[in-house]
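Heads up, input_19.pdb below (PDB, C-alpha atoms and all ligand atoms):
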ATOM      1  CA  MET A   2     -29.008  25.257 -59.874
ATOM      2  CA  SER A   3     -26.662  23.457 -62.262
ATOM      3  CA  ASN A   4     -23.896  21.064 -61.318
ATOM      4  CA  VAL A   5     -20.487  22.660 -60.861
ATOM      5  CA  ALA A   6     -17.087  21.429 -62.061
ATOM      6  CA  VAL A   7     -13.620  22.795 -61.304
ATOM      7  CA  VAL A   8     -11.110  22.026 -64.047
ATOM      8  CA  THR A   9      -7.414  22.845 -63.581
ATOM      9  CA  GLY A  10      -5.105  23.419 -66.533
ATOM     10  CA  ALA A  11      -8.156  24.697 -68.390
ATOM     11  CA  ALA A  12      -6.282  27.249 -70.515
ATOM     12  CA  SER A  13      -4.808  24.558 -72.768
ATOM     13  CA  GLY A  14      -5.020  21.037 -74.131
ATOM     14  CA  MET A  15      -7.009  18.413 -72.249
ATOM     15  CA  GLY A  16      -7.997  20.747 -69.400
ATOM     16  CA  ARG A  17      -9.609  23.065 -71.917
ATOM     17  CA  ALA A  18     -11.334  20.138 -73.676
ATOM     18  CA  CYS A  19     -12.663  18.887 -70.317
ATOM     19  CA  ALA A  20     -13.963  22.348 -69.378
ATOM     20  CA  GLU A  21     -15.740  22.571 -72.745
ATOM     21  CA  ARG A  22     -17.174  19.052 -72.350
ATOM     22  CA  PHE A  23     -18.617  19.745 -68.877
ATOM     23  CA  LEU A  24     -20.080  23.031 -70.167
ATOM     24  CA  ALA A  25     -21.697  21.141 -73.060
ATOM     25  CA  GLU A  26     -23.207  18.739 -70.492
ATOM     26  CA  GLY A  27     -24.881  21.669 -68.717
ATOM     27  CA  TYR A  28     -22.379  22.137 -65.887
ATOM     28  CA  SER A  29     -21.198  25.478 -64.589
ATOM     29  CA  VAL A  30     -17.428  25.358 -64.924
ATOM     30  CA  ALA A  31     -14.590  27.112 -63.104
ATOM     31  CA  ALA A  32     -11.658  27.101 -65.533
ATOM     32  CA  LEU A  33      -8.605  27.319 -63.295
ATOM     33  CA  ASP A  34      -5.135  28.024 -64.694
ATOM     34  CA  LEU A  35      -1.995  30.097 -64.197
ATOM     35  CA  THR A  36      -3.154  32.255 -67.096
ATOM     36  CA  ALA A  37      -6.771  33.306 -67.665
ATOM     37  CA  ALA A  38      -8.632  30.586 -69.569
ATOM     38  CA  THR A  39     -10.921  32.256 -72.087
ATOM     39  CA  ILE A  40     -13.700  29.733 -72.597
ATOM     40  CA  ASP A  41     -17.197  30.965 -73.458
ATOM     41  CA  GLY A  42     -19.526  30.403 -70.526
ATOM     42  CA  ALA A  43     -16.825  29.374 -68.023
ATOM     43  CA  LEU A  44     -15.703  31.288 -64.951
ATOM     44  CA  ALA A  45     -11.990  31.983 -65.496
ATOM     45  CA  VAL A  46     -10.124  31.588 -62.208
ATOM     46  CA  THR A  47      -6.438  32.452 -62.213
ATOM     47  CA  ALA A  48      -4.434  30.484 -59.671
ATOM     48  CA  ASP A  49      -1.175  28.624 -59.187
ATOM     49  CA  ILE A  50      -2.102  25.138 -57.984
ATOM     50  CA  THR A  51       1.206  24.841 -56.134
ATOM     51  CA  ASP A  52       0.269  27.751 -53.851
ATOM     52  CA  PRO A  53      -2.108  26.732 -51.023
ATOM     53  CA  ALA A  54      -3.425  30.284 -50.485
ATOM     54  CA  ASP A  55      -4.096  30.696 -54.209
ATOM     55  CA  VAL A  56      -5.881  27.349 -54.374
ATOM     56  CA  ALA A  57      -7.994  28.082 -51.294
ATOM     57  CA  ALA A  58      -9.031  31.462 -52.741
ATOM     58  CA  ALA A  59      -9.826  29.902 -56.130
ATOM     59  CA  ILE A  60     -12.066  27.220 -54.620
ATOM     60  CA  GLU A  61     -13.775  29.720 -52.273
ATOM     61  CA  ARG A  62     -14.478  32.012 -55.222
ATOM     62  CA  THR A  63     -15.833  29.127 -57.302
ATOM     63  CA  VAL A  64     -18.188  27.952 -54.565
ATOM     64  CA  ALA A  65     -19.323  31.514 -53.796
ATOM     65  CA  GLU A  66     -20.059  32.315 -57.449
ATOM     66  CA  LEU A  67     -21.197  28.929 -58.821
ATOM     67  CA  GLY A  68     -22.203  26.756 -55.823
ATOM     68  CA  PRO A  69     -21.056  23.418 -54.318
ATOM     69  CA  LEU A  70     -18.949  21.090 -56.456
ATOM     70  CA  LYS A  71     -20.028  17.976 -58.370
ATOM     71  CA  ALA A  72     -16.712  17.369 -60.160
ATOM     72  CA  VAL A  73     -13.026  18.219 -59.884
ATOM     73  CA  VAL A  74     -10.729  17.544 -62.830
ATOM     74  CA  ASN A  75      -7.021  17.842 -61.987
ATOM     75  CA  ALA A  76      -5.616  18.306 -65.503
ATOM     76  CA  ALA A  77      -2.857  20.883 -64.904
ATOM     77  CA  GLY A  78       0.537  19.294 -65.336
ATOM     78  CA  VAL A  79       4.076  19.882 -66.577
ATOM     79  CA  TYR A  80       6.387  17.491 -68.425
ATOM     80  CA  PRO A  81       9.877  18.960 -68.884
ATOM     81  CA  PRO A  82      12.331  16.246 -69.997
ATOM     82  CA  THR A  83      14.677  14.950 -67.284
ATOM     83  CA  THR A  84      17.290  12.211 -67.078
ATOM     84  CA  LEU A  85      19.653  11.147 -64.320
ATOM     85  CA  GLU A  86      22.149  13.542 -65.880
ATOM     86  CA  THR A  87      19.852  16.575 -66.084
ATOM     87  CA  ALA A  88      17.658  16.044 -62.993
ATOM     88  CA  SER A  89      18.038  18.765 -60.384
ATOM     89  CA  THR A  90      16.373  19.737 -57.151
ATOM     90  CA  GLU A  91      14.729  22.619 -58.976
ATOM     91  CA  LEU A  92      13.285  20.377 -61.719
ATOM     92  CA  TYR A  93      12.196  17.795 -59.153
ATOM     93  CA  ARG A  94      10.344  20.450 -57.156
ATOM     94  CA  ARG A  95       8.715  21.899 -60.286
ATOM     95  CA  VAL A  96       7.478  18.551 -61.600
ATOM     96  CA  PHE A  97       6.320  17.186 -58.244
ATOM     97  CA  ASP A  98       4.918  20.528 -57.049
ATOM     98  CA  VAL A  99       2.597  20.887 -60.051
ATOM     99  CA  ASN A 100       1.756  17.251 -60.794
ATOM    100  CA  VAL A 101       1.541  15.835 -57.274
ATOM    101  CA  LEU A 102       1.260  18.633 -54.688
ATOM    102  CA  GLY A 103      -1.090  20.601 -56.980
ATOM    103  CA  THR A 104      -3.427  17.610 -57.235
ATOM    104  CA  VAL A 105      -3.395  17.228 -53.450
ATOM    105  CA  LEU A 106      -3.967  20.930 -52.736
ATOM    106  CA  VAL A 107      -6.873  21.309 -55.174
ATOM    107  CA  THR A 108      -8.565  18.128 -53.956
ATOM    108  CA  GLN A 109      -7.982  19.107 -50.313
ATOM    109  CA  ALA A 110      -9.500  22.560 -50.799
ATOM    110  CA  ALA A 111     -12.405  21.165 -52.830
ATOM    111  CA  ALA A 112     -13.237  18.212 -50.531
ATOM    112  CA  PRO A 113     -15.430  20.071 -48.003
ATOM    113  CA  HIS A 114     -17.469  21.497 -50.886
ATOM    114  CA  LEU A 115     -18.053  18.241 -52.785
ATOM    115  CA  VAL A 116     -21.695  17.176 -52.888
ATOM    116  CA  ASP A 117     -22.710  13.542 -52.294
ATOM    117  CA  GLY A 118     -22.110  11.586 -55.489
ATOM    118  CA  ALA A 119     -19.389  13.952 -56.696
ATOM    119  CA  ALA A 120     -16.307  12.748 -58.578
ATOM    120  CA  VAL A 121     -12.640  13.674 -58.786
ATOM    121  CA  VAL A 122     -10.676  12.802 -61.935
ATOM    122  CA  ASN A 123      -6.883  13.110 -61.848
ATOM    123  CA  PHE A 124      -4.501  13.129 -64.803
ATOM    124  CA  ALA A 125      -1.882  10.407 -64.567
ATOM    125  CA  SER A 126      -0.062   9.226 -67.721
ATOM    126  CA  ILE A 127       0.883   5.968 -69.375
ATOM    127  CA  ASP A 128       4.378   7.030 -68.289
ATOM    128  CA  ALA A 129       3.388   5.947 -64.759
ATOM    129  CA  PHE A 130       3.410   2.329 -66.011
ATOM    130  CA  VAL A 131       5.574   2.284 -69.165
ATOM    131  CA  PRO A 132       8.249   4.964 -68.886
ATOM    132  CA  SER A 133       9.102   7.237 -71.804
ATOM    133  CA  PRO A 134      12.849   7.680 -72.189
ATOM    134  CA  GLY A 135      13.994  11.056 -70.892
ATOM    135  CA  GLN A 136      11.068  11.513 -68.509
ATOM    136  CA  LEU A 137      12.664  10.364 -65.249
ATOM    137  CA  LEU A 138      10.917  12.738 -62.843
ATOM    138  CA  TYR A 139       7.669  13.016 -64.810
ATOM    139  CA  CYS A 140       7.172   9.215 -64.804
ATOM    140  CA  ALA A 141       7.678   9.147 -61.028
ATOM    141  CA  SER A 142       5.291  12.060 -60.508
ATOM    142  CA  LYS A 143       2.547  10.342 -62.507
ATOM    143  CA  ALA A 144       3.096   7.060 -60.622
ATOM    144  CA  ALA A 145       2.511   9.171 -57.509
ATOM    145  CA  VAL A 146      -0.767  10.399 -59.025
ATOM    146  CA  VAL A 147      -1.874   6.767 -59.552
ATOM    147  CA  ALA A 148      -1.133   6.006 -55.880
ATOM    148  CA  LEU A 149      -2.767   9.237 -54.692
ATOM    149  CA  THR A 150      -5.865   8.346 -56.670
ATOM    150  CA  ARG A 151      -6.231   5.062 -54.775
ATOM    151  CA  SER A 152      -5.657   6.679 -51.363
ATOM    152  CA  LEU A 153      -8.027   9.549 -52.092
ATOM    153  CA  ALA A 154     -10.645   7.073 -53.301
ATOM    154  CA  LEU A 155     -10.444   5.351 -49.900
ATOM    155  CA  GLU A 156     -10.546   8.613 -47.957
ATOM    156  CA  LEU A 157     -13.507  10.064 -49.806
ATOM    157  CA  ALA A 158     -15.607   6.881 -50.176
ATOM    158  CA  PRO A 159     -18.492   6.291 -50.095
ATOM    159  CA  ARG A 160     -19.536   9.882 -50.763
ATOM    160  CA  VAL A 161     -17.159  10.758 -53.606
ATOM    161  CA  ARG A 162     -15.445   8.644 -56.288
ATOM    162  CA  VAL A 163     -11.833   9.347 -57.314
ATOM    163  CA  ASN A 164     -10.310   7.990 -60.519
ATOM    164  CA  ALA A 165      -7.498   8.859 -62.912
ATOM    165  CA  LEU A 166      -6.954   8.869 -66.644
ATOM    166  CA  ALA A 167      -3.578   7.763 -68.039
ATOM    167  CA  PRO A 168      -3.337   8.925 -71.656
ATOM    168  CA  GLY A 169      -0.645   8.016 -74.137
ATOM    169  CA  TRP A 170       0.198  10.572 -76.826
ATOM    170  CA  VAL A 171      -2.350  13.358 -77.036
ATOM    171  CA  ASP A 172      -2.218  16.195 -79.548
ATOM    172  CA  THR A 173      -2.078  19.199 -77.188
ATOM    173  CA  PRO A 174      -0.177  22.498 -77.393
ATOM    174  CA  GLY A 175       2.074  21.414 -74.521
ATOM    175  CA  ASN A 176       2.879  18.095 -76.148
ATOM    176  CA  LYS A 177       3.484  19.643 -79.577
ATOM    177  CA  ALA A 178       6.020  21.976 -77.947
ATOM    178  CA  THR A 179       8.134  18.998 -76.838
ATOM    179  CA  GLY A 180       8.977  18.184 -80.489
ATOM    180  CA  ARG A 181       8.851  14.465 -79.619
ATOM    181  CA  MET A 182       5.335  13.608 -80.725
ATOM    182  CA  GLU A 183       5.717  13.088 -84.483
ATOM    183  CA  ALA A 184       8.458  10.449 -84.154
ATOM    184  CA  ALA A 185       6.659   8.668 -81.320
ATOM    185  CA  LEU A 186       3.435   8.285 -83.303
ATOM    186  CA  ALA A 187       5.097   5.833 -85.699
ATOM    187  CA  GLU A 188       5.011   3.337 -82.810
ATOM    188  CA  VAL A 189       1.319   3.793 -81.942
ATOM    189  CA  PRO A 190      -0.835   0.898 -83.254
ATOM    190  CA  LEU A 191      -3.788   3.211 -83.936
ATOM    191  CA  GLY A 192      -1.382   5.346 -85.962
ATOM    192  CA  ARG A 193      -2.177   8.722 -84.481
ATOM    193  CA  ALA A 194      -2.247  10.790 -81.325
ATOM    194  CA  ALA A 195      -5.489  11.075 -79.359
ATOM    195  CA  THR A 196      -7.432  14.310 -79.567
ATOM    196  CA  PRO A 197      -8.001  16.240 -76.330
ATOM    197  CA  GLU A 198     -11.739  15.765 -76.934
ATOM    198  CA  GLU A 199     -11.364  11.954 -76.939
ATOM    199  CA  MET A 200      -9.671  12.191 -73.540
ATOM    200  CA  ALA A 201     -12.387  14.576 -72.292
ATOM    201  CA  ASP A 202     -14.957  11.883 -73.247
ATOM    202  CA  LEU A 203     -13.178   9.466 -70.888
ATOM    203  CA  VAL A 204     -12.961  12.050 -68.114
ATOM    204  CA  TRP A 205     -16.706  12.635 -68.506
ATOM    205  CA  PHE A 206     -17.268   8.852 -68.255
ATOM    206  CA  LEU A 207     -15.124   8.596 -65.101
ATOM    207  CA  ALA A 208     -16.876  11.613 -63.591
ATOM    208  CA  GLY A 209     -20.163   9.762 -63.822
ATOM    209  CA  GLY A 210     -21.453  10.766 -67.235
ATOM    210  CA  GLY A 211     -22.522   7.186 -67.840
ATOM    211  CA  GLY A 212     -21.563   3.816 -66.448
ATOM    212  CA  ALA A 213     -18.773   4.561 -63.964
ATOM    213  CA  ALA A 214     -20.874   4.712 -60.790
ATOM    214  CA  TYR A 215     -19.136   1.627 -59.296
ATOM    215  CA  VAL A 216     -15.623   2.654 -60.370
ATOM    216  CA  THR A 217     -13.308   4.278 -57.819
ATOM    217  CA  GLY A 218      -9.557   4.287 -57.193
ATOM    218  CA  GLU A 219      -8.894   3.141 -60.762
ATOM    219  CA  THR A 220      -6.604   4.521 -63.442
ATOM    220  CA  LEU A 221      -7.931   4.130 -66.973
ATOM    221  CA  THR A 222      -5.238   3.895 -69.661
ATOM    222  CA  ALA A 223      -5.961   5.140 -73.186
ATOM    223  CA  THR A 224      -2.923   4.833 -75.431
ATOM    224  CA  GLY A 225      -4.079   3.804 -78.911
ATOM    225  CA  GLY A 226      -2.532   0.410 -78.181
ATOM    226  CA  SER A 227       0.978   1.647 -77.476
ATOM    227  CA  ALA A 228       1.058   0.466 -73.847
ATOM    228  CA  PHE A 229       1.047  -3.281 -74.541
ATOM    229  CA  ARG A 230       3.609  -3.386 -77.369
TER     230      ARG A 230
HETATM  231  N1  LIG B 301      -0.326  15.630 -73.854
HETATM  232  C1  LIG B 301      -0.078  14.360 -73.594
HETATM  233  O1  LIG B 301       0.268  13.564 -74.504
HETATM  234  C2  LIG B 301      -0.237  13.806 -72.214
HETATM  235  C3  LIG B 301      -0.139  12.425 -72.035
HETATM  236  C4  LIG B 301      -0.340  11.884 -70.770
HETATM  237  C5  LIG B 301      -0.658  12.720 -69.706
HETATM  238  N2  LIG B 301      -0.725  14.058 -69.906
HETATM  239  C6  LIG B 301      -1.106  14.875 -68.740
HETATM  240  O2  LIG B 301      -2.364  15.456 -69.027
HETATM  241  C7  LIG B 301      -2.470  16.728 -68.407
HETATM  242  C8  LIG B 301      -2.795  17.791 -69.455
HETATM  243  O3  LIG B 301      -1.774  17.773 -70.443
HETATM  244  P1  LIG B 301      -1.821  18.754 -71.724
HETATM  245  O4  LIG B 301      -0.828  18.225 -72.692
HETATM  246  O5  LIG B 301      -3.235  18.972 -72.105
HETATM  247  O6  LIG B 301      -1.220  20.065 -71.063
HETATM  248  P2  LIG B 301      -0.827  21.495 -71.680
HETATM  249  O7  LIG B 301       0.652  21.630 -71.478
HETATM  250  O8  LIG B 301      -1.387  21.701 -73.054
HETATM  251  O9  LIG B 301      -1.593  22.431 -70.652
HETATM  252  C9  LIG B 301      -1.306  22.364 -69.273
HETATM  253  C10 LIG B 301      -1.966  23.528 -68.582
HETATM  254  O10 LIG B 301      -1.649  23.436 -67.186
HETATM  255  C11 LIG B 301      -1.404  24.743 -66.728
HETATM  256  N3  LIG B 301      -0.550  24.757 -65.549
HETATM  257  C12 LIG B 301       0.756  24.380 -65.466
HETATM  258  N4  LIG B 301       1.222  24.619 -64.237
HETATM  259  C13 LIG B 301       0.194  25.151 -63.508
HETATM  260  C14 LIG B 301       0.071  25.627 -62.183
HETATM  261  N5  LIG B 301       1.106  25.618 -61.332
HETATM  262  N6  LIG B 301      -1.133  26.116 -61.779
HETATM  263  C15 LIG B 301      -2.181  26.152 -62.634
HETATM  264  N7  LIG B 301      -2.115  25.718 -63.912
HETATM  265  C16 LIG B 301      -0.931  25.241 -64.343
HETATM  266  C17 LIG B 301      -0.696  25.450 -67.902
HETATM  267  O11 LIG B 301      -0.773  26.870 -67.780
HETATM  268  C18 LIG B 301      -1.459  24.884 -69.102
HETATM  269  O12 LIG B 301      -2.545  25.719 -69.461
HETATM  270  C19 LIG B 301      -1.133  16.965 -67.701
HETATM  271  O13 LIG B 301      -1.275  16.580 -66.352
HETATM  272  C20 LIG B 301      -0.189  16.036 -68.435
HETATM  273  O14 LIG B 301       0.888  15.652 -67.637
HETATM  274  C21 LIG B 301      -0.513  14.630 -71.124
END

Starting from the file, lay out its structure as structure tokens.
Amino acid sequence: MSNVAVVTGAASGMGRACAERFLAEGYSVAALDLTAATIDGALAVTADITDPADVAAAIERTVAELGPLKAVVNAAGVYPPTTLETASTELYRRVFDVNVLGTVLVTQAAAPHLVDGAAVVNFASIDAFVPSPGQLLYCASKAAVVALTRSLALELAPRVRVNALAPGWVDTPGNKATGRMEAALAEVPLGRAATPEEMADLVWFLAGGGGAAYVTGETLTATGGSAFR
């Protein structure tokens, strides 16, 4: 029986790239998203990660159809712009429900099904450490993901490792839609956005694909040099 990975946000961007990478490594993959993720060879599981009943059903279905879990990748996320002026209770709930609560609910539902030596990889952002202007609530939500990653690493050790990836600018459909990427790239020392596949390489590394067996509770930044300028 092959190893099994659950990847959230798998219909787009880095979630999709991660699902494809785990498939290429011989995993069976549950591609979980709000909308059906059409990825050859993956089990498309439609679920809203902010809804506990939906998440529980999605994980139960995955385990029933594919088997116990070796990896969970929490890639689903939203990044609507917010400032002190535009922030609202509704926007706060949306950003924190998807980015923070969703990560908790998926990991909570998956935990009893994780095999020894399994790994969880969360998506933080460089915005957790170096805020982007106009991303008030998003930055806070991703800082929460960094903190969650450390706490979950403690809770699940020694059986399961939990790490996070904090990308800078990545060329994804969601990011393109913000209209902010082109201007921001002028400030990136490597002179370009990352590809989703480059970020999937790092997720694969953190999940244990090679060399990360003693790494847990960490957040790996990958920003093309923009974080230290
Ligand atoms: N793109 C970037 O430059 C960048 C940089 C740093 C961090 N990130 C983070 O990386 C992750 C992936 O970003 P991306 O740009 O690839 O995303 P994207 O916008 O291209 O895709 C996000 C996916 O998440 C899904 N999703 C949203 N809400 C959901 C919900 N409630 N339940 C299930 N699925 C839901 C969407 O349907 C979509 O398919 C996010 O957590 C994002 O915050 C992105």

At most 6 Å from ligand LIG 301 (chain B) (all atoms listed in the file): residue list as a PyMOL selection string: chain A and resi 10-16+34-36+48-51+76-80+99+124-126+167-171+173-176

Using only C-alpha atoms, can you list as a short mmCIF file (atom, residue, chain, number, x, y, z; two decimals) with C-alpha atoms, in the coordinates of the input the residues within 12 Å of (-22.2, 31.4, -58.3)?
data_model
loop_
_atom_site.label_atom_id
_atom_site.label_comp_id
_atom_site.auth_asym_id
_atom_site.auth_seq_id
_atom_site.Cartn_x
_atom_site.Cartn_y
_atom_site.Cartn_z
CA MET A 2 -29.01 25.26 -59.87
CA SER A 3 -26.66 23.46 -62.26
CA ASN A 4 -23.90 21.06 -61.32
CA VAL A 5 -20.49 22.66 -60.86
CA ALA A 6 -17.09 21.43 -62.06
CA TYR A 28 -22.38 22.14 -65.89
CA SER A 29 -21.20 25.48 -64.59
CA VAL A 30 -17.43 25.36 -64.92
CA ALA A 31 -14.59 27.11 -63.10
CA ALA A 43 -16.82 29.37 -68.02
CA LEU A 44 -15.70 31.29 -64.95
CA ILE A 60 -12.07 27.22 -54.62
CA GLU A 61 -13.78 29.72 -52.27
CA ARG A 62 -14.48 32.01 -55.22
CA THR A 63 -15.83 29.13 -57.30
CA VAL A 64 -18.19 27.95 -54.56
CA ALA A 65 -19.32 31.51 -53.80
CA GLU A 66 -20.06 32.32 -57.45
CA LEU A 67 -21.20 28.93 -58.82
CA GLY A 68 -22.20 26.76 -55.82
CA PRO A 69 -21.06 23.42 -54.32
CA LEU A 70 -18.95 21.09 -56.46
#

Picked residues, the PyMOL selection byres (((chain A and resi 219) around 12) and not hetatm), as a PyMOL selection string: chain A and resi 121-125+146-155+162-167+207-208+213+215-218+220-222

Result set of the PyMOL selection byres (((chain A and resi 82) around 12) and not hetatm) on the coordinates above, as a PyMOL selection string: chain A and resi 79-81+83-89+92-93+95-96+133-140+176+178-181

Residue nearest Pro132 (chain A) among A:Val74, A:Ala38, A:Ala228, A:Ala18 (counting only C-alpha atoms): A:Ala228

Computed interatomic separation between CA of Leu24 (chain A) and CA of Gly42 (chain A) (Å): 7.4 Å

Pairwise distance for CA of Ala72 (chain A) and CA of Asp98 (chain A), rounded to one decimal in Å: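 That distance, rounded to one decimal, is 22.1 Å.
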
Nearest-residue call for Asn75 (chain A), choices A:Ser142, A:Ser227, A:Thr104, A:Thr39, using all atoms listed in the file: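 Closest to Asn75 (chain A), using all atoms listed in the file: A:Thr104.
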
Atomic separation - CA of Asp55 (chain A) relative to CA of Glu26 (chain A), Å: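 Taking CA of Glu26 (chain A) as the start and CA of Asp55 (chain A) as the end point, the length is 27.8 Å.
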
For Pro190 (chain A), the nearest of the candidates A:Gly210, A:Phe229, A:Cys19, A:Ala59, counting only C-alpha atoms: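 The closest residue to Pro190 (chain A) is A:Phe229.
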
Expected axis-aligned box over every listed atom of region 180-196 of chain A, 3 Å added per side, centre plus edges in Å to one decimal, as lines of an AutoDock Vina configuration file:
center_x = 0.8
center_y = 9.5
center_z = -82.7
size_x = 22.4
size_y = 23.3
size_z = 12.6

Nearest candidate to Gly118 (chain A) (options A:Ala145, A:Ala194, A:Ala37, A:Ala214; using only C-alpha atoms):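 Among the listed residues, A:Ala214 lies closest to Gly118 (chain A).
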
Would it be fine to have region 150-212 of chain A, with C-alpha atoms, given as a PDB file, in the first residue's frame?
ATOM      1  CA  THR A 150       3.304  24.981  14.030  1.00  0.00           C
ATOM      2  CA  ARG A 151       5.520  25.076  17.126  1.00  0.00           C
ATOM      3  CA  SER A 152       2.709  24.003  19.477  1.00  0.00           C
ATOM      4  CA  LEU A 153       1.564  21.217  17.172  1.00  0.00           C
ATOM      5  CA  ALA A 154       5.158  20.028  16.832  1.00  0.00           C
ATOM      6  CA  LEU A 155       5.293  19.666  20.629  1.00  0.00           C
ATOM      7  CA  GLU A 156       1.916  17.940  20.841  1.00  0.00           C
ATOM      8  CA  LEU A 157       2.604  15.423  18.105  1.00  0.00           C
ATOM      9  CA  ALA A 158       6.271  14.652  18.902  1.00  0.00           C
ATOM     10  CA  PRO A 159       7.940  12.227  18.798  1.00  0.00           C
ATOM     11  CA  ARG A 160       5.617  10.385  16.423  1.00  0.00           C
ATOM     12  CA  VAL A 161       4.911  13.143  13.894  1.00  0.00           C
ATOM     13  CA  ARG A 162       6.921  16.188  12.761  1.00  0.00           C
ATOM     14  CA  VAL A 163       5.193  19.530  12.095  1.00  0.00           C
ATOM     15  CA  ASN A 164       6.838  22.334  10.130  1.00  0.00           C
ATOM     16  CA  ALA A 165       5.795  25.341   8.066  1.00  0.00           C
ATOM     17  CA  LEU A 166       6.896  27.010   4.868  1.00  0.00           C
ATOM     18  CA  ALA A 167       6.909  30.821   4.662  1.00  0.00           C
ATOM     19  CA  PRO A 168       7.133  31.823   0.996  1.00  0.00           C
ATOM     20  CA  GLY A 169       7.656  35.304  -0.357  1.00  0.00           C
ATOM     21  CA  TRP A 170       6.133  36.116  -3.747  1.00  0.00           C
ATOM     22  CA  VAL A 171       4.947  33.032  -5.585  1.00  0.00           C
ATOM     23  CA  ASP A 172       3.422  33.062  -9.057  1.00  0.00           C
ATOM     24  CA  THR A 173       0.011  31.502  -8.326  1.00  0.00           C
ATOM     25  CA  PRO A 174      -3.465  32.241  -9.710  1.00  0.00           C
ATOM     26  CA  GLY A 175      -4.529  33.683  -6.351  1.00  0.00           C
ATOM     27  CA  ASN A 176      -1.511  35.955  -6.151  1.00  0.00           C
ATOM     28  CA  LYS A 177      -1.828  37.103  -9.772  1.00  0.00           C
ATOM     29  CA  ALA A 178      -5.419  38.129  -9.009  1.00  0.00           C
ATOM     30  CA  THR A 179      -4.213  40.598  -6.361  1.00  0.00           C
ATOM     31  CA  GLY A 180      -2.578  42.766  -9.068  1.00  0.00           C
ATOM     32  CA  ARG A 181       0.269  43.537  -6.638  1.00  0.00           C
ATOM     33  CA  MET A 182       2.849  41.007  -7.759  1.00  0.00           C
ATOM     34  CA  GLU A 183       4.470  42.703 -10.765  1.00  0.00           C
ATOM     35  CA  ALA A 184       5.410  45.877  -8.859  1.00  0.00           C
ATOM     36  CA  ALA A 185       6.633  43.922  -5.839  1.00  0.00           C
ATOM     37  CA  LEU A 186       9.011  41.784  -7.901  1.00  0.00           C
ATOM     38  CA  ALA A 187      11.222  44.797  -8.638  1.00  0.00           C
ATOM     39  CA  GLU A 188      12.307  44.581  -4.983  1.00  0.00           C
ATOM     40  CA  VAL A 189      13.158  40.858  -4.994  1.00  0.00           C
ATOM     41  CA  PRO A 190      16.945  40.248  -5.163  1.00  0.00           C
ATOM     42  CA  LEU A 191      16.491  37.098  -7.264  1.00  0.00           C
ATOM     43  CA  GLY A 192      14.430  39.230  -9.642  1.00  0.00           C
ATOM     44  CA  ARG A 193      11.412  36.996  -9.994  1.00  0.00           C
ATOM     45  CA  ALA A 194       8.584  35.286  -8.172  1.00  0.00           C
ATOM     46  CA  ALA A 195       8.996  31.669  -7.072  1.00  0.00           C
ATOM     47  CA  THR A 196       7.181  28.987  -9.019  1.00  0.00           C
ATOM     48  CA  PRO A 197       4.648  26.848  -7.139  1.00  0.00           C
ATOM     49  CA  GLU A 198       6.822  23.841  -8.027  1.00  0.00           C
ATOM     50  CA  GLU A 199       9.850  25.366  -6.247  1.00  0.00           C
ATOM     51  CA  MET A 200       7.727  25.730  -3.110  1.00  0.00           C
ATOM     52  CA  ALA A 201       6.423  22.157  -3.511  1.00  0.00           C
ATOM     53  CA  ASP A 202      10.088  20.999  -3.523  1.00  0.00           C
ATOM     54  CA  LEU A 203      10.518  22.597  -0.083  1.00  0.00           C
ATOM     55  CA  VAL A 204       7.275  21.105   1.214  1.00  0.00           C
ATOM     56  CA  TRP A 205       8.491  17.693   0.030  1.00  0.00           C
ATOM     57  CA  PHE A 206      11.796  18.289   1.880  1.00  0.00           C
ATOM     58  CA  LEU A 207       9.983  19.288   5.094  1.00  0.00           C
ATOM     59  CA  ALA A 208       7.655  16.299   4.783  1.00  0.00           C
ATOM     60  CA  GLY A 209      10.657  14.006   4.915  1.00  0.00           C
ATOM     61  CA  GLY A 210      11.580  13.621   1.265  1.00  0.00           C
ATOM     62  CA  GLY A 211      15.232  13.972   2.194  1.00  0.00           C
ATOM     63  CA  GLY A 212      17.147  15.440   5.091  1.00  0.00           C
TER      64      GLY A 212
END
